[in-house]
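File shown here: run.cif, holding mmCIF, C-alpha atoms.
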data_run
#
loop_
_atom_site.label_atom_id
_atom_site.label_comp_id
_atom_site.auth_asym_id
_atom_site.auth_seq_id
_atom_site.Cartn_x
_atom_site.Cartn_y
_atom_site.Cartn_z
CA MET A 1 30.80 -15.98 -24.19
CA SER A 2 31.74 -12.99 -26.29
CA TYR A 3 32.47 -9.75 -24.51
CA PRO A 4 30.30 -6.77 -25.43
CA ASP A 5 31.53 -3.21 -25.33
CA TYR A 6 30.50 -1.15 -22.36
CA THR A 7 29.71 2.48 -21.78
CA ALA A 8 28.26 4.43 -18.87
CA PRO A 9 26.91 7.78 -20.12
CA THR A 10 26.45 10.53 -17.56
CA THR A 11 23.61 12.48 -19.17
CA LEU A 12 20.27 11.36 -20.51
CA ARG A 13 20.95 13.12 -23.79
CA GLU A 14 24.18 11.25 -24.29
CA ALA A 15 22.51 7.95 -23.38
CA LEU A 16 19.67 8.49 -25.85
CA GLU A 17 22.12 9.39 -28.58
CA ILE A 18 24.01 6.14 -28.04
CA LEU A 19 20.76 4.15 -27.91
CA GLY A 20 19.75 5.71 -31.24
CA ASP A 21 22.51 3.84 -33.07
CA THR A 22 20.61 1.14 -34.95
CA ALA A 23 23.66 -0.45 -36.55
CA ARG A 24 24.54 -2.34 -33.40
CA ILE A 25 22.63 -4.52 -30.94
CA ILE A 26 22.49 -2.36 -27.86
CA GLN A 27 21.32 -3.48 -24.44
CA VAL A 28 20.49 -1.17 -21.56
CA LEU A 29 22.03 -2.32 -18.29
CA ALA A 30 20.34 -1.22 -15.06
CA GLY A 31 20.67 -3.41 -11.93
CA GLY A 32 21.70 -6.42 -13.97
CA THR A 33 19.99 -9.00 -11.75
CA ASN A 34 18.01 -10.33 -14.68
CA LEU A 35 20.33 -9.33 -17.50
CA ILE A 36 23.74 -10.56 -16.37
CA PRO A 37 22.81 -14.28 -16.13
CA ARG A 38 21.26 -14.03 -19.62
CA LEU A 39 24.43 -12.38 -20.87
CA ARG A 40 26.66 -15.02 -19.36
CA SER A 41 24.62 -17.92 -20.67
CA GLY A 42 24.75 -16.49 -24.19
CA GLU A 43 20.98 -16.08 -24.35
CA ILE A 44 21.58 -12.50 -25.44
CA GLU A 45 24.64 -11.27 -27.32
CA PRO A 46 24.59 -7.49 -27.51
CA HIS A 47 27.42 -5.55 -29.12
CA LEU A 48 27.21 -2.82 -26.53
CA LEU A 49 26.00 -2.48 -22.95
CA VAL A 50 24.75 0.95 -21.93
CA ASP A 51 24.96 1.18 -18.15
CA ILE A 52 22.47 3.75 -16.85
CA ARG A 53 23.80 3.92 -13.29
CA LEU A 54 25.35 7.37 -13.73
CA LEU A 55 22.18 8.93 -15.15
CA PRO A 56 20.04 11.03 -12.82
CA LEU A 57 17.38 8.31 -12.71
CA ASN A 58 18.03 7.03 -9.21
CA LEU A 59 15.93 9.51 -7.25
CA ILE A 60 12.53 9.42 -5.58
CA ARG A 61 10.88 12.83 -5.52
CA LEU A 62 7.64 13.93 -3.91
CA GLU A 63 5.75 16.53 -5.86
CA LYS A 64 2.49 18.26 -5.10
CA ASP A 65 0.24 15.47 -6.28
CA CYS A 66 2.53 12.59 -7.16
CA LEU A 67 5.61 10.62 -6.29
CA ARG A 68 8.19 10.33 -9.07
CA LEU A 69 10.42 7.30 -9.04
CA GLY A 70 13.40 7.24 -11.38
CA ALA A 71 13.72 4.05 -13.43
CA GLY A 72 17.07 3.32 -11.77
CA VAL A 73 15.71 3.34 -8.22
CA THR A 74 16.45 0.03 -6.46
CA TYR A 75 13.92 -2.05 -4.52
CA SER A 76 15.90 -1.31 -1.34
CA GLN A 77 15.62 2.43 -2.01
CA ILE A 78 11.84 2.16 -2.33
CA MET A 79 11.62 0.15 0.90
CA GLU A 80 13.62 2.81 2.74
CA ASP A 81 11.82 5.83 1.31
CA ASP A 82 9.53 7.51 3.87
CA MET A 83 7.12 8.82 1.25
CA ALA A 84 6.82 5.46 -0.49
CA VAL A 85 6.19 3.78 2.85
CA ARG A 86 3.59 6.36 3.79
CA TYR A 87 1.62 6.57 0.55
CA PHE A 88 2.33 3.34 -1.33
CA PRO A 89 2.63 0.49 1.19
CA ALA A 90 1.50 -2.16 -1.31
CA LEU A 91 4.45 -1.25 -3.54
CA VAL A 92 6.84 -1.29 -0.60
CA ASN A 93 5.55 -4.72 0.43
CA ALA A 94 5.98 -6.02 -3.10
CA CYS A 95 9.62 -4.84 -3.06
CA ARG A 96 10.18 -6.57 0.27
CA GLU A 97 9.06 -9.87 -1.28
CA ILE A 98 11.55 -9.73 -4.14
CA GLY A 99 14.58 -12.04 -3.91
CA SER A 100 17.05 -11.38 -1.10
CA PRO A 101 18.63 -8.21 0.34
CA SER A 102 21.56 -8.60 -2.09
CA ILE A 103 19.16 -8.76 -5.05
CA ARG A 104 17.08 -5.84 -3.78
CA ASN A 105 20.20 -3.70 -3.45
CA ARG A 106 20.85 -4.05 -7.18
CA GLY A 107 17.55 -4.69 -8.96
CA THR A 108 15.75 -1.58 -10.20
CA LEU A 109 12.15 -0.57 -10.73
CA GLY A 110 12.72 0.20 -14.42
CA GLY A 111 14.45 -3.15 -14.86
CA ASN A 112 11.53 -4.96 -13.25
CA LEU A 113 9.18 -3.35 -15.78
CA ALA A 114 11.44 -3.70 -18.83
CA ALA A 115 12.19 -7.37 -18.16
CA CYS A 116 8.62 -8.19 -19.25
CA ILE A 117 8.27 -11.21 -17.02
CA PRO A 118 4.72 -12.06 -15.88
CA GLU A 119 5.81 -12.43 -12.25
CA ALA A 120 7.45 -8.98 -12.00
CA GLY A 121 6.45 -8.14 -8.44
CA THR A 122 6.17 -4.37 -8.64
CA VAL A 123 3.67 -4.33 -11.52
CA PRO A 124 0.41 -5.30 -9.76
CA PRO A 125 0.84 -2.67 -7.01
CA LEU A 126 1.85 -0.05 -9.57
CA LEU A 127 -1.29 -0.91 -11.55
CA VAL A 128 -3.61 -0.49 -8.56
CA TYR A 129 -1.99 2.89 -7.79
CA ASP A 130 -2.69 4.02 -11.39
CA ALA A 131 1.00 4.42 -12.22
CA GLN A 132 2.09 6.25 -15.35
CA ILE A 133 5.32 5.38 -17.10
CA SER A 134 7.42 7.92 -18.94
CA MET A 135 9.82 6.91 -21.68
CA ALA A 136 12.33 8.81 -23.78
CA LYS A 137 13.68 8.15 -27.24
CA GLY A 138 15.93 10.48 -29.20
CA LYS A 139 14.49 13.92 -28.57
CA THR A 140 10.95 12.79 -27.82
CA GLU A 141 9.24 11.69 -24.65
CA ARG A 142 5.94 9.99 -23.99
CA THR A 143 3.96 9.08 -20.90
CA THR A 144 1.31 6.37 -20.80
CA PRO A 145 -0.66 4.55 -18.12
CA LEU A 146 1.32 1.49 -17.02
CA SER A 147 -1.76 -0.60 -17.92
CA ASP A 148 -0.99 0.17 -21.58
CA PHE A 149 2.70 -0.69 -21.28
CA TYR A 150 2.37 -4.44 -21.89
CA ARG A 151 0.91 -6.05 -24.98
CA THR A 152 -1.25 -9.16 -24.58
CA SER A 153 1.79 -11.30 -25.45
CA GLY A 154 3.55 -9.89 -22.39
CA GLU A 155 6.01 -7.83 -24.44
CA SER A 156 6.21 -4.12 -23.74
CA ILE A 157 5.57 -1.22 -26.05
CA LEU A 158 9.18 -0.01 -25.57
CA GLU A 159 10.71 0.68 -28.96
CA PRO A 160 14.31 0.06 -29.94
CA GLY A 161 16.38 2.95 -28.61
CA GLU A 162 13.72 3.89 -26.06
CA LEU A 163 14.51 4.16 -22.38
CA ILE A 164 12.20 4.08 -19.36
CA LYS A 165 12.72 7.36 -17.52
CA GLU A 166 10.44 7.34 -14.55
CA ILE A 167 7.31 6.05 -12.91
CA LEU A 168 4.71 8.53 -11.69
CA LEU A 169 2.39 7.61 -8.89
CA PRO A 170 -0.53 9.93 -8.15
CA LEU A 171 -0.91 10.38 -4.38
CA PRO A 172 -3.90 8.35 -3.20
CA ALA A 173 -7.04 10.02 -1.84
CA PRO A 174 -7.28 10.22 1.97
CA ALA A 175 -9.58 7.25 2.69
CA THR A 176 -7.57 4.70 0.72
CA ALA A 177 -6.18 1.29 1.57
CA ALA A 178 -4.11 -0.97 -0.65
CA HIS A 179 -2.81 -4.45 -0.12
CA PHE A 180 -0.34 -6.77 -1.86
CA ILE A 181 0.04 -10.53 -1.44
CA LYS A 182 2.63 -12.72 -3.11
CA SER A 183 2.28 -16.45 -3.03
CA GLY A 184 5.03 -18.79 -4.16
CA ASN A 185 5.98 -22.36 -3.43
CA ARG A 186 7.88 -21.28 -0.32
CA ARG A 187 8.27 -18.03 1.54
CA GLY A 188 11.76 -16.77 0.79
CA MET A 189 13.69 -16.36 -2.47
CA THR A 190 10.93 -17.73 -4.59
CA THR A 191 9.22 -17.02 -7.89
CA ALA A 192 5.64 -15.88 -7.49
CA VAL A 193 2.87 -18.27 -8.49
CA VAL A 194 0.37 -15.44 -8.07
CA ASN A 195 0.85 -11.79 -7.14
CA ALA A 196 -2.34 -9.99 -6.13
CA ALA A 197 -2.77 -6.29 -5.41
CA VAL A 198 -5.90 -4.33 -4.57
CA ARG A 199 -6.80 -0.77 -3.71
CA ILE A 200 -10.06 0.63 -2.34
CA SER A 201 -10.79 4.35 -1.97
CA LEU A 202 -13.89 5.48 -0.08
CA ASP A 203 -15.98 8.58 -0.49
CA GLN A 204 -17.15 10.82 2.37
CA LYS A 205 -20.11 8.55 3.06
CA ARG A 206 -17.94 5.44 3.26
CA TYR A 207 -19.12 4.05 -0.06
CA ILE A 208 -16.48 2.63 -2.41
CA ARG A 209 -15.55 5.43 -4.78
CA GLU A 210 -12.80 3.64 -6.64
CA ALA A 211 -11.52 0.05 -6.65
CA ARG A 212 -8.54 -1.62 -8.28
CA ILE A 213 -7.68 -5.29 -8.56
CA ALA A 214 -4.51 -6.46 -10.31
CA LEU A 215 -2.96 -9.87 -10.81
CA GLY A 216 0.61 -10.80 -11.71
CA ALA A 217 2.35 -14.10 -12.53
CA TYR A 218 -1.12 -15.28 -13.55
CA ALA A 219 -1.38 -14.65 -17.29
CA GLN A 220 1.20 -13.67 -19.92
CA LYS A 221 1.18 -10.15 -18.53
CA PRO A 222 0.11 -8.51 -15.28
CA PHE A 223 -3.37 -7.06 -15.70
CA ARG A 224 -6.24 -5.27 -14.01
CA ALA A 225 -9.59 -7.02 -13.56
CA GLU A 226 -11.70 -4.06 -14.61
CA ALA A 227 -15.10 -5.76 -14.69
CA ALA A 228 -14.73 -6.82 -11.07
CA GLU A 229 -13.37 -3.40 -10.11
CA SER A 230 -16.38 -1.56 -11.49
CA MET A 231 -18.79 -3.82 -9.61
CA LEU A 232 -17.25 -2.68 -6.33
CA VAL A 233 -17.89 0.98 -7.01
CA GLY A 234 -20.85 2.28 -5.02
CA CYS A 235 -20.85 -0.62 -2.56
CA ARG A 236 -20.54 -0.27 1.18
CA LEU A 237 -17.62 -2.19 2.66
CA ASP A 238 -19.82 -4.48 4.74
CA GLU A 239 -21.94 -5.51 1.79
CA ALA A 240 -19.32 -5.79 -0.97
CA PRO A 241 -19.48 -9.32 -2.48
CA PHE A 242 -15.73 -9.98 -2.29
CA ASP A 243 -15.81 -13.71 -3.01
CA ARG A 244 -18.04 -13.35 -6.04
CA LEU A 245 -15.87 -10.52 -7.39
CA ALA A 246 -12.70 -12.52 -6.85
CA ARG A 247 -14.24 -15.32 -8.90
CA LEU A 248 -15.10 -12.84 -11.62
CA ALA A 249 -11.64 -11.23 -11.54
CA VAL A 250 -9.77 -14.45 -12.31
CA GLU A 251 -11.98 -15.04 -15.36
CA SER A 252 -10.76 -11.91 -17.13
CA ASN A 253 -7.61 -13.68 -18.44
CA PRO A 254 -6.68 -17.33 -18.87
CA ALA A 255 -4.28 -18.59 -16.20
CA ARG A 256 -0.96 -19.96 -17.40
CA THR A 257 0.85 -23.17 -16.52
CA ASP A 258 4.57 -23.15 -15.78
CA LEU A 259 7.18 -25.10 -13.84
CA PHE A 260 5.79 -23.90 -10.52
CA ALA A 261 2.04 -24.35 -10.86
CA GLY A 262 -0.71 -25.44 -13.20
CA ALA A 263 -3.45 -23.18 -14.50
CA GLU A 264 -6.18 -24.71 -12.33
CA TYR A 265 -4.21 -24.22 -9.14
CA ARG A 266 -3.30 -20.67 -10.14
CA LYS A 267 -6.95 -19.86 -10.67
CA LYS A 268 -8.00 -21.15 -7.25
CA LEU A 269 -5.06 -19.45 -5.56
CA ALA A 270 -5.70 -16.11 -7.27
CA ARG A 271 -9.34 -16.19 -6.17
CA VAL A 272 -8.36 -16.75 -2.56
CA LEU A 273 -5.64 -14.08 -2.64
CA ILE A 274 -7.85 -11.40 -4.18
CA ALA A 275 -10.63 -11.98 -1.64
CA ARG A 276 -8.07 -11.96 1.18
CA ALA A 277 -6.40 -8.77 -0.06
CA LEU A 278 -9.78 -7.03 -0.38
CA ARG A 279 -10.68 -8.02 3.20
CA GLU A 280 -7.30 -6.80 4.47
CA ALA A 281 -7.90 -3.47 2.74
CA CYS A 282 -11.35 -3.34 4.38
CA THR A 283 -9.86 -3.94 7.80
CA ASP A 284 -7.50 -1.00 7.25
CA LEU A 285 -10.31 1.22 6.01
CA ASN A 286 -12.50 0.41 8.99
CA LYS A 287 -9.78 1.83 11.22
CA ILE A 288 -9.89 5.21 9.50
CA GLU A 289 -11.88 7.85 11.34
CA PHE A 290 -13.97 10.11 9.20
CA HIS A 291 -14.42 13.78 10.03
CA ASP A 292 -17.58 15.25 8.56
CA MET B 293 36.46 -6.46 -26.97
CA THR B 294 38.62 -3.90 -25.28
CA GLU B 295 39.89 -4.01 -21.78
CA LYS B 296 39.10 -1.12 -19.51
CA THR B 297 40.91 0.07 -16.44
CA VAL B 298 38.65 -0.10 -13.43
CA HIS B 299 39.46 1.73 -10.26
CA LEU B 300 38.13 0.35 -6.99
CA TRP B 301 38.99 -0.55 -3.42
CA VAL B 302 39.05 -4.18 -2.35
CA ASN B 303 39.42 -4.78 1.37
CA ASP B 304 40.67 -1.20 1.77
CA ARG B 305 43.35 -1.68 -0.90
CA GLU B 306 43.10 0.82 -3.74
CA LEU B 307 43.44 -0.90 -7.10
CA SER B 308 43.40 -0.19 -10.81
CA ILE B 309 42.65 -3.34 -12.76
CA ALA B 310 42.64 -3.85 -16.51
CA ALA B 311 39.74 -6.15 -17.35
CA GLU B 312 37.04 -6.82 -19.88
CA PRO B 313 34.30 -4.53 -18.59
CA SER B 314 31.65 -7.25 -18.79
CA ARG B 315 33.52 -9.80 -16.72
CA THR B 316 31.80 -10.16 -13.38
CA LEU B 317 33.10 -8.79 -10.12
CA LEU B 318 33.07 -12.42 -8.97
CA GLU B 319 35.47 -13.51 -11.74
CA VAL B 320 37.85 -10.63 -11.14
CA LEU B 321 37.85 -11.13 -7.36
CA ARG B 322 38.62 -14.83 -7.66
CA GLU B 323 40.81 -15.06 -10.75
CA ASP B 324 42.71 -11.78 -10.80
CA LEU B 325 42.78 -10.82 -7.13
CA LYS B 326 42.78 -14.33 -5.63
CA CYS B 327 40.05 -13.49 -3.15
CA ILE B 328 38.95 -17.10 -3.21
CA SER B 329 36.64 -16.84 -0.22
CA VAL B 330 34.13 -15.57 -2.78
CA LYS B 331 32.50 -18.69 -4.20
CA GLU B 332 30.60 -19.32 -7.38
CA GLY B 333 27.57 -21.52 -6.79
CA CYS B 334 24.77 -20.90 -9.24
CA GLY B 335 26.20 -17.88 -11.05
CA ARG B 336 22.77 -16.29 -11.30
CA GLY B 337 21.99 -14.72 -7.95
CA ASP B 338 20.01 -17.60 -6.49
CA CYS B 339 22.45 -19.12 -3.98
CA GLY B 340 24.33 -16.28 -2.26
CA SER B 341 27.76 -18.01 -2.21
CA CYS B 342 29.33 -14.96 -3.85
CA VAL B 343 27.83 -12.28 -1.60
CA VAL B 344 30.28 -9.45 -0.90
CA ILE B 345 29.76 -6.03 0.63
CA MET B 346 29.85 -3.25 -1.96
CA ASP B 347 29.61 0.33 -0.72
CA GLY B 348 28.22 -0.91 2.58
CA LYS B 349 25.56 -3.17 1.10
CA PRO B 350 25.45 -6.89 0.37
CA VAL B 351 25.41 -7.75 -3.34
CA ASN B 352 25.84 -10.92 -5.37
CA ALA B 353 29.26 -10.57 -7.01
CA CYS B 354 28.03 -12.75 -9.90
CA LEU B 355 25.42 -10.07 -10.72
CA VAL B 356 27.82 -7.12 -10.85
CA LEU B 357 29.96 -6.43 -13.88
CA ILE B 358 33.43 -5.24 -12.98
CA ALA B 359 32.77 -1.99 -14.87
CA GLN B 360 29.80 -1.36 -12.56
CA ALA B 361 32.17 -1.54 -9.59
CA GLU B 362 34.10 1.56 -10.72
CA ASP B 363 35.07 3.57 -7.61
CA ALA B 364 33.30 1.09 -5.33
CA HIS B 365 34.52 -0.16 -1.97
CA VAL B 366 34.33 -3.94 -1.88
CA LEU B 367 34.69 -6.06 1.22
CA THR B 368 35.24 -9.83 1.02
CA LEU B 369 35.71 -12.26 3.86
CA GLU B 370 39.48 -11.79 3.49
CA GLY B 371 39.02 -8.20 4.60
CA LEU B 372 36.71 -8.90 7.50
CA SER B 373 39.19 -10.44 9.88
CA GLY B 374 41.88 -7.76 9.91
CA GLY B 375 45.08 -9.78 10.20
CA THR B 376 44.95 -13.10 11.99
CA ALA B 377 42.26 -12.32 14.56
CA LEU B 378 38.89 -13.62 13.47
CA HIS B 379 35.91 -11.31 13.39
CA PRO B 380 33.38 -12.33 16.10
CA LEU B 381 31.05 -13.63 13.38
CA GLN B 382 33.78 -15.87 12.00
CA ARG B 383 34.77 -17.13 15.45
CA LEU B 384 31.17 -17.85 16.41
CA PHE B 385 30.46 -19.69 13.16
CA VAL B 386 33.32 -21.97 14.23
CA ASP B 387 32.26 -22.21 17.90
CA LYS B 388 28.61 -22.88 17.08
CA TRP B 389 29.35 -25.40 14.32
CA ALA B 390 27.49 -23.18 11.89
CA PHE B 391 28.98 -24.88 8.83
CA GLN B 392 30.09 -28.24 7.57
CA CYS B 393 31.48 -28.03 4.04
CA GLY B 394 31.89 -24.27 4.32
CA PHE B 395 31.06 -23.39 0.73
CA CYS B 396 28.19 -21.07 1.67
CA THR B 397 29.95 -19.67 4.74
CA PRO B 398 31.68 -16.57 3.30
CA GLY B 399 28.42 -15.35 1.77
CA MET B 400 26.47 -16.32 4.85
CA ILE B 401 28.86 -14.39 7.10
CA LEU B 402 28.89 -11.29 4.89
CA SER B 403 25.07 -11.20 4.63
CA SER B 404 24.99 -11.45 8.44
CA TYR B 405 27.66 -8.78 8.73
CA ALA B 406 25.55 -6.45 6.59
CA LEU B 407 22.66 -7.01 8.97
CA LEU B 408 24.76 -6.33 12.06
CA MET B 409 26.10 -3.10 10.57
CA LYS B 410 22.52 -1.79 10.65
CA ASN B 411 21.03 -3.69 13.54
CA LEU B 412 22.88 -5.04 16.60
CA GLU B 413 19.66 -6.33 18.15
CA PRO B 414 18.31 -8.54 15.41
CA THR B 415 15.35 -10.82 16.04
CA GLU B 416 15.36 -14.34 14.68
CA GLU B 417 13.08 -13.08 11.89
CA ASP B 418 15.58 -10.29 11.03
CA ILE B 419 18.38 -12.85 10.72
CA LYS B 420 16.28 -15.17 8.58
CA GLU B 421 15.45 -12.26 6.29
CA ALA B 422 19.12 -11.23 6.06
CA ILE B 423 20.23 -14.71 4.97
CA VAL B 424 17.17 -15.58 2.87
CA GLY B 425 19.34 -15.48 -0.26
CA ASN B 426 22.12 -17.68 1.17
CA LEU B 427 21.53 -21.36 0.54
CA CYS B 428 23.17 -23.92 2.79
CA ARG B 429 22.72 -27.56 1.83
CA CYS B 430 24.55 -29.39 4.61
CA THR B 431 24.36 -27.69 8.00
CA ASP B 432 21.17 -26.31 9.45
CA TYR B 433 20.17 -22.70 9.49
CA HIS B 434 19.45 -22.77 13.24
CA ARG B 435 23.15 -22.91 14.04
CA VAL B 436 23.78 -19.97 11.74
CA ILE B 437 21.05 -18.00 13.50
CA GLU B 438 22.54 -18.86 16.89
CA ALA B 439 26.00 -17.77 15.75
CA VAL B 440 24.68 -14.45 14.47
CA GLN B 441 22.68 -13.81 17.64
CA GLU B 442 25.73 -14.54 19.78
CA ALA B 443 27.94 -12.30 17.60
CA ALA B 444 25.40 -9.51 17.92
CA ARG B 445 25.51 -9.91 21.69
CA GLU B 446 29.32 -9.68 21.72
CA LEU B 447 29.36 -6.67 19.42
CA ARG B 448 26.75 -4.91 21.57
CA GLN B 449 28.97 -5.35 24.61
CA LEU B 450 31.96 -3.98 22.72
CA ASN B 451 29.90 -0.96 21.75
CA GLU B 452 28.72 -0.21 25.26
CA PRO B 453 30.37 2.81 26.83
CA GLY B 454 32.69 2.33 29.77
#

So that I can check it, write out the structure of this file as structure tokens.
Amino acid sequence: MSYPDYTAPTTLREALEILGDTARIIQVLAGGTNLIPRLRSGEIEPHLLVDIRLLPLNLIRLEKDCLRLGAGVTYSQIMEDDMAVRYFPALVNACREIGSPSIRNRGTLGGNLAACIPEAGTVPPLLVYDAQISMAKGKTERTTPLSDFYRTSGESILEPGELIKEILLPLPAPATAAHFIKSGNRRGMTTAVVNAAVRISLDQKRYIREARIALGAYAQKPFRAEAAESMLVGCRLDEAPFDRLARLAVESNPARTDLFAGAEYRKKLARVLIARALREACTDLNKIEFHD
Amino acid sequence: MTEKTVHLWVNDRELSIAAEPSRTLLEVLREDLKCISVKEGCGRGDCGSCVVIMDGKPVNACLVLIAQAEDAHVLTLEGLSGGTALHPLQRLFVDKWAFQCGFCTPGMILSSYALLMKNLEPTEEDIKEAIVGNLCRCTDYHRVIEAVQEAARELRQLNEPG
């Protein structure tokens, strides 16, 4: 393999300046868990690696109405963060299911998103929490809903020279429950066959005010099943047609076939997981006491 | 391209090493520093044979570029024993027959060590989770779990006051 140059800028401005150089093939290096094997196998041959570990992107900050996660935050950091555990348990559970402790100590949230792999575990929970993603390029910044980050092909909208800065998660309303389930061919250290995440928020009268259903590892990109979501709105928990909605949700995108599972199996599995996740969320919501 | 001088500590020894920045920590540990307890299995983070402790946390040395280890404190199995006396984990892996070929053992021990640094009363589930990324193809994981439980017991006693 050929050896690329390496630099570790200490400010965002410096990093963006370096990334703006279009004459060379430049690769951002975050945790490296996905990148380094591809580098070593020769799959990618950048001229320069820009290591972002010294940038101030490795913090989790609670603001008035949202939690801001720097792109360089590791899965372990998210799992250990009190605010993430308190407000975003489905995301924390998704991080727990990724690889092994040694992978989770290195892999980063921004890397998980930028890798553009269908089975990226953090994406479905981020989608159900209505995450926004902020990116910087040169002197400009933009923020979009994470649901607009991936094209149908599975590629992201990240432009050359553009860097993911942070993920913004609006704090959920009080009567909210979210649930994440990963299913692979075994329990530990495994690639997901289907990742399912759901969120249900209730109004004061215990009717469903907002619902989110997201699937990962299922199609070319993780996606939200919006038709099924909207049918949940206005339902009471005990009369919500979860099985029918799960069936509808898996129809919104064609399932893919890969080494680990065929499309038919994925479809059946996704249906079961969505219905199960919705029921788990219900169980949590039924425990919440309402004060009128 | 150009070599870079990387400053780090390996097993409490302070070092400055000239190396291609994109060589892996695994390569430098084995080839330059002769820490050959660190094994290369898959070379892509799937097998855990190259797990070392970096700044107090287990990492796969095949997934860290040497330049990313600047100023880091790295612990390999060579640094765990402290002279000739085996660390309780090492001794109990021997006593409990927790390995056969031994290729996975350094990584297995260091993943377990990372667990015991945080938790001296691990449940079986905790131990399984700690070594989930360490593949062993010839012994059985039960003996590893027994060895770690027994080591935790010994270390708890050492830590007790009086």

Query raised in the report: When the PyMOL selection byres ((chain B) within 10 of (chain A)) is applied to the file above, which residues end up in the set, as a PyMOL selection string?
Result: chain B and resi 293-296+312-316+334-340+343-346+349-357+359-360+403+406-407+420-427

Query raised in the report: B:Leu325, B:Leu378, B:Val436, B:Leu300: which is nearest B:His365, counting all atoms listed in the file?
Result: B:Leu300

Report task. Compile the contact shell of stretch 442-445 of chain B as a VMD selection string: residues with an atom at most 8 Å away, counting all atoms listed in the file, same-chain residues fewer than 6 positions apart removed. Result -> chain B and resid 380 to 381 384 408 412 to 414

Query raised in the report: Just how far from atom CA of A:Ala15 is atom CA of B:Ile309, in Å to one decimal?
Result: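 Computing the Euclidean distance for atom CA of B:Ile309 and atom CA of A:Ala15 yields 25.4 Å.
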
Query raised in the report: Around (-2.5, 1.6, -16.1) in the file's own coordinates, what residues are found within 7 Å if you use all atoms listed in the file, given back as an NGL selection string?
Result: :A and (127 or 130-132 or 145-148)

Same residues, C-alpha atoms, output as a PDB file, keeping the file's coordinate frame:
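This went into selection_5.pdb:
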ATOM      1  CA  LEU A 127      -1.290  -0.910 -11.550  1.00  0.00           C
ATOM      2  CA  ASP A 130      -2.690   4.020 -11.390  1.00  0.00           C
ATOM      3  CA  ALA A 131       1.000   4.420 -12.220  1.00  0.00           C
ATOM      4  CA  GLN A 132       2.090   6.250 -15.350  1.00  0.00           C
ATOM      5  CA  PRO A 145      -0.660   4.550 -18.120  1.00  0.00           C
ATOM      6  CA  LEU A 146       1.320   1.490 -17.020  1.00  0.00           C
ATOM      7  CA  SER A 147      -1.760  -0.600 -17.920  1.00  0.00           C
ATOM      8  CA  ASP A 148      -0.990   0.170 -21.580  1.00  0.00           C
TER       9      ASP A 148
END

Query raised in the report: Which residues fall under the PyMOL selection byres ((chain A and resi 222-231) around 6) in this file, as a PyMOL selection string?
Result: chain A and resi 118+211-216+221+232-233+245+249

Need the axis-aligned box for stretch 140-150 of chain A with 3 Å each side, so what are the centre and edges in Å to one decimal, as AutoDock Vina command-line options?
--center_x 4.6 --center_y 4.2 --center_z -22.4 --size_x 18.7 --size_y 23.2 --size_z 16.8

Requested in this report: Would you list the residues near (-13.4, -16.3, 1.6), meaning any protein, DNA or RNA residue with an atom at most 10 Å from that point in file coordinates, counting all atoms listed in the file, as a list in words?
Outcome: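 Residues found, by chain and rising number: Phe242, Asp243, Arg244, Ala246, Arg271, Val272, Leu273, Ile274, Ala275, Arg276 and Arg279 of chain A.
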
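Atom CA of A:Val194 is positioned 28.7 Å from atom CA of A:Tyr207.
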
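The shortest atom-to-atom distance to A:Asn112, with all atoms listed in the file taken into account, belongs to A:Ile164 out of A:Ala136, A:Ile157, A:Ile26, A:Ile164.
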
Query - Residues matched by the PyMOL selection byres ((chain A and resi 143) around 6) as a list in words - result: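 This file, filtered by the PyMOL selection byres ((chain A and resi 143) around 6), leaves Ile133, Ser134, Arg142 and Thr144 of chain A.
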
Report task. Give me, please, the distance in Å between atom CA of A:Ile200 and atom CA of A:Gln77, quoted to one decimal. Result ->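 Calculated distance between atom CA of A:Ile200 and atom CA of A:Gln77 is 25.7 Å.
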
Query raised in the report: Got a sec: who's within 10 Å of stretch 367-371 of chain B, counting all atoms listed in the file, leaving out chain neighbours fewer than 2 positions off, as a count of residues only?
Result: 31

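Considering the residues B:Gln441, B:Thr297, B:Ser308, B:Gln449 and counting only C-alpha atoms, B:Tyr405 has its shortest atom-to-atom contact with B:Gln441.
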
Report task. Give the answer as one residue: which of B:Ile358, B:Cys428, B:Val440, B:Leu372 has the shortest atom-to-atom distance to B:Phe385, using only C-alpha atoms? Result -> B:Val440

Query raised in the report: Contacts of stretch 67-75 of chain A at 7 Å or less, counting only C-alpha atoms, minus same-chain residues fewer than 5 places along, as a PyMOL selection string?
Result: chain A and resi 30+53+57-62+95+104-110+164-171
